[in-house]
Amino acid sequence: MERREEQTEDGERIIQYKEEDSICKLLELIPLDLIHDILLRLPAKSAVRFRCVSKLWASIITRPYFITSFAFMSSSRLRLLVCIKTSDKRRLFVSLPQHEHPHTSYSDVERYQMDPPEFDTGNYEPYSQSVHGLMCCGNFMGETVVWNPSMRQHVTLPEPAEFRFKSYFLGYDPVEDKYKVFCIASSSKNDPIVFTLGPQESWRVIKNSPKHYTPRWPMGHRGVCINGHAYYEASICFEVDAITQWEVVLVSFDVRYEKFRIIRKPDDPKLCPLLLNYQGKLAWVCEDRDEKKLVSSLRFWILEDEEKQEWSLRDYLMPFQIWPRCDPIWRVFLSLDGVTQDTGEFIYSTARFEAIYVIYYDPKTNLTRRVIYEGVEYEEYEEYSGSETFEVHLYPNHSESLMSLENVPRYVSPINWNHQ
C-alpha cells in the first residue's frame, strides 16, 4: 500500500495511504440521499460504528431526524432482547430475531456486555417493557437506571424525594419524540413527578393529579406504554360514610400532556399484575391456577375504549397446561413475557444455560411455533458469575434506538415535597 506524508501549516504531520484516499474519494461520489437511505437500513451496531467513517457520516447519523427515522425503520425488525445479570452486576445482552422459521434453531445471535451503573447498590428489576428502544430498571430503594442497549449506554437517575419507596415508569411521546420517566410514590400524600430525558432537564411536580399510589411489590414489568399512554396498576383512596377505603384501579398517563386518568378495572378476581400491549390495545392478563381443569385457557381483558372505560374479555385455548405452565414437548416451565406487536402471538419462554426456549402462540388460529436459540453456555456464564444460577429478563418487541443518553443529567437536586 502506497504511503504519503503531508505537513500542515502548524507543523502537524499527516500520514495517508493511497487506498484509504481512494475510498474517501469514492464515498464523496455517493449522493447524500443514498447515504441516508443506506445507513437507515443498518443495524444500530453498524450505524454507531460508521460514525467514524467521516465527519459527514457522523453528522448524518447523529441528526435528530435521522435518529427518529432509524427508530421507525427499526420498528419493522423487532427483536427479542434477553438481559442476563452476572454476579459482578454486569449485564450480558443477547439480541434474538423475533420472527424465525418454526421448529428451527438459531445460533447467529448478537451478544454484548455492559458495565454496571456506578451506583448499582441493589438488585435492579425491570420497571417497564422495552419502550421505543429504551428500558427502565430500578430497585425497591428507589434507585433507577435508564438503559439504551443499542448505544451501550445507561444513565442513573438520582433519588428525587426524601422518602424511599416509590415506583418509576417509562413513557414515550411519539408526537414530540420525547422520553419521560415519571415517579409515583408509595403514599398518596405526594404528587407525581416527571423527568424528560434530555439535556438541562430536571424533575418536575405534576400538579392537580389524582391522589394514588403504587404498591412496592411485586417487582417486574409493572408498566406498559402504548401510543403515547403509559398504563399501570395503582390504588386510590376514598371515603364512604366517614370510613376510608381503597380501590385497585388502572391509571393511564398521557405522556405528552402529562395528564392522569383513573380507569376502573374489570370485575374479575383472577386478574394478575401483568399488563401487555396486545396489537395496540392494553391487555390485562388473568391467572388461573386451577390444576383440576382438564382444558387450559388463556383469558385476558382488552381495554376497548379508554374514555368510556369499556372492556372486552378474550378467552382462548392453550397448547399446554396453564398451571404449572409446563410445555409437554420440551418439558420446561414457561413464563408469559409479552405479545408480538405485529402478529398478536403470545410469547412464552424460559432460559437455561444450554438454550433459550421460546414458544409463540397465536390464540386466533391456535397455531404454535417453537424456536430454540443458542443460550449462555455453562462455561461462559461460570466465567462471569461463578454460580450455576443466573438472573434473566426478556424484553419482547425491542426496537433499536440511536437515542443518546450522554447529555441526560446524572445529578439533580432532590425536590422538597413539603414545599411544593
# chains A, B, ... in the order shown; residues from 1 in each chain; ligands from 1
>>> residues_around(residues="A:Phe169", least_positions_apart="4", cutoff="9 Å", atoms="only C-alpha atoms", output="PyMOL selection string")
chain A and resi 127-128+136-137+180-184+222-225+230-232
>>> residues_around(residues="A:Gly344", least_positions_apart="3", cutoff="8 Å", atoms="only C-alpha atoms", output="MDAnalysis selection string")
chainID A and resid 278:279 339:341 362
>>> closest_residue(among="A:Trp284, A:Trp330, A:Phe346, A:Phe93", to="A:Ile372", atoms="only C-alpha atoms")
A:Trp330
>>> closest_residue(among="A:Ile302, A:Ala355, A:Asn208, A:Leu336", to="A:Glu287", atoms="only C-alpha atoms")
A:Leu336
>>> residues_around(residues="A:Glu233", least_positions_apart="5", cutoff="10 Å", atoms="only C-alpha atoms", output="list in words")
His212, Tyr213, Thr214, Pro215, Arg222, Gly223, Val248, Val249, Leu250, Val251, Ser252, Ile262, Ile263, Lys265, Pro273, Leu274 and Leu275 of chain A
>>> residues_around(residues="A:Met318", least_positions_apart="2", cutoff="7 Å", atoms="only C-alpha atoms", output="short mmCIF file (atom, residue, chain, number, x, y, z; two decimals) with C-alpha atoms, in the first residue's frame")
data_model
loop_
_atom_site.label_atom_id
_atom_site.label_comp_id
_atom_site.auth_asym_id
_atom_site.auth_seq_id
_atom_site.Cartn_x
_atom_site.Cartn_y
_atom_site.Cartn_z
CA SER A 296 -56.29 -24.85 29.84
CA SER A 297 -57.33 -21.42 28.63
CA LEU A 298 -55.75 -18.01 28.26
CA TYR A 316 -58.57 -18.83 24.12
CA PHE A 320 -50.14 -26.62 27.15
#
>>> residues_around(residues="stretch 40-46 of chain A", least_positions_apart="6", cutoff="9 Å", atoms="only C-alpha atoms", output="mmCIF file with C-alpha atoms, in the first residue's frame")
data_model
loop_
_atom_site.group_PDB
_atom_site.id
_atom_site.type_symbol
_atom_site.label_atom_id
_atom_site.label_comp_id
_atom_site.auth_asym_id
_atom_site.auth_seq_id
_atom_site.Cartn_x
_atom_site.Cartn_y
_atom_site.Cartn_z
ATOM 1 C CA ILE A 61 -26.196 9.613 11.982
ATOM 2 C CA PHE A 66 -32.123 10.506 11.272
ATOM 3 C CA ILE A 67 -32.497 9.102 14.805
ATOM 4 C CA SER A 69 -36.273 7.775 11.037
ATOM 5 C CA PHE A 70 -33.970 4.994 12.238
ATOM 6 C CA ALA A 71 -36.352 4.188 15.090
ATOM 7 C CA MET A 73 -37.266 1.557 10.402
ATOM 8 C CA SER A 74 -36.224 -0.470 13.432
ATOM 9 C CA SER A 150 -28.194 -0.393 21.269
ATOM 10 C CA MET A 151 -25.925 2.520 22.202
ATOM 11 C CA GLU A 400 -33.089 -0.484 18.326
ATOM 12 C CA SER A 401 -32.659 3.192 19.110
ATOM 13 C CA LEU A 402 -29.842 5.683 18.465
#
>>> closest_residue(among="A:Ser209, A:Asn148, A:Thr62, A:Asn227", to="A:Asp177", atoms="only C-alpha atoms")
A:Asn227
>>> closest_residue(among="A:Gly138, A:Ile84, A:His132, A:Asp288", to="A:Tyr112", atoms="only C-alpha atoms")
A:Ile84
>>> residues_around(residues="A:Gln98", least_positions_apart="5", cutoff="8 Å", atoms="only C-alpha atoms", output="list in words")
Leu78, Arg79, Leu80, Pro396 and Asn397 of chain A
>>> atom_distance(atom1="atom CA of A:Val358", atom2="atom CA of A:His154")
27.5 Å
>>> atom_distance(atom1="atom CA of A:Glu345", atom2="atom CA of A:Tyr361")
5.0 Å
>>> atom_distance(atom1="atom CA of A:Pro363", atom2="atom CA of A:Arg77")
22.3 Å
>>> select_by_dssp(residues="stretch 239-273 of chain A", states="strand (DSSP E or B)", output="PyMOL selection string")
chain A and resi 239-240+243-254+259-263+271-273
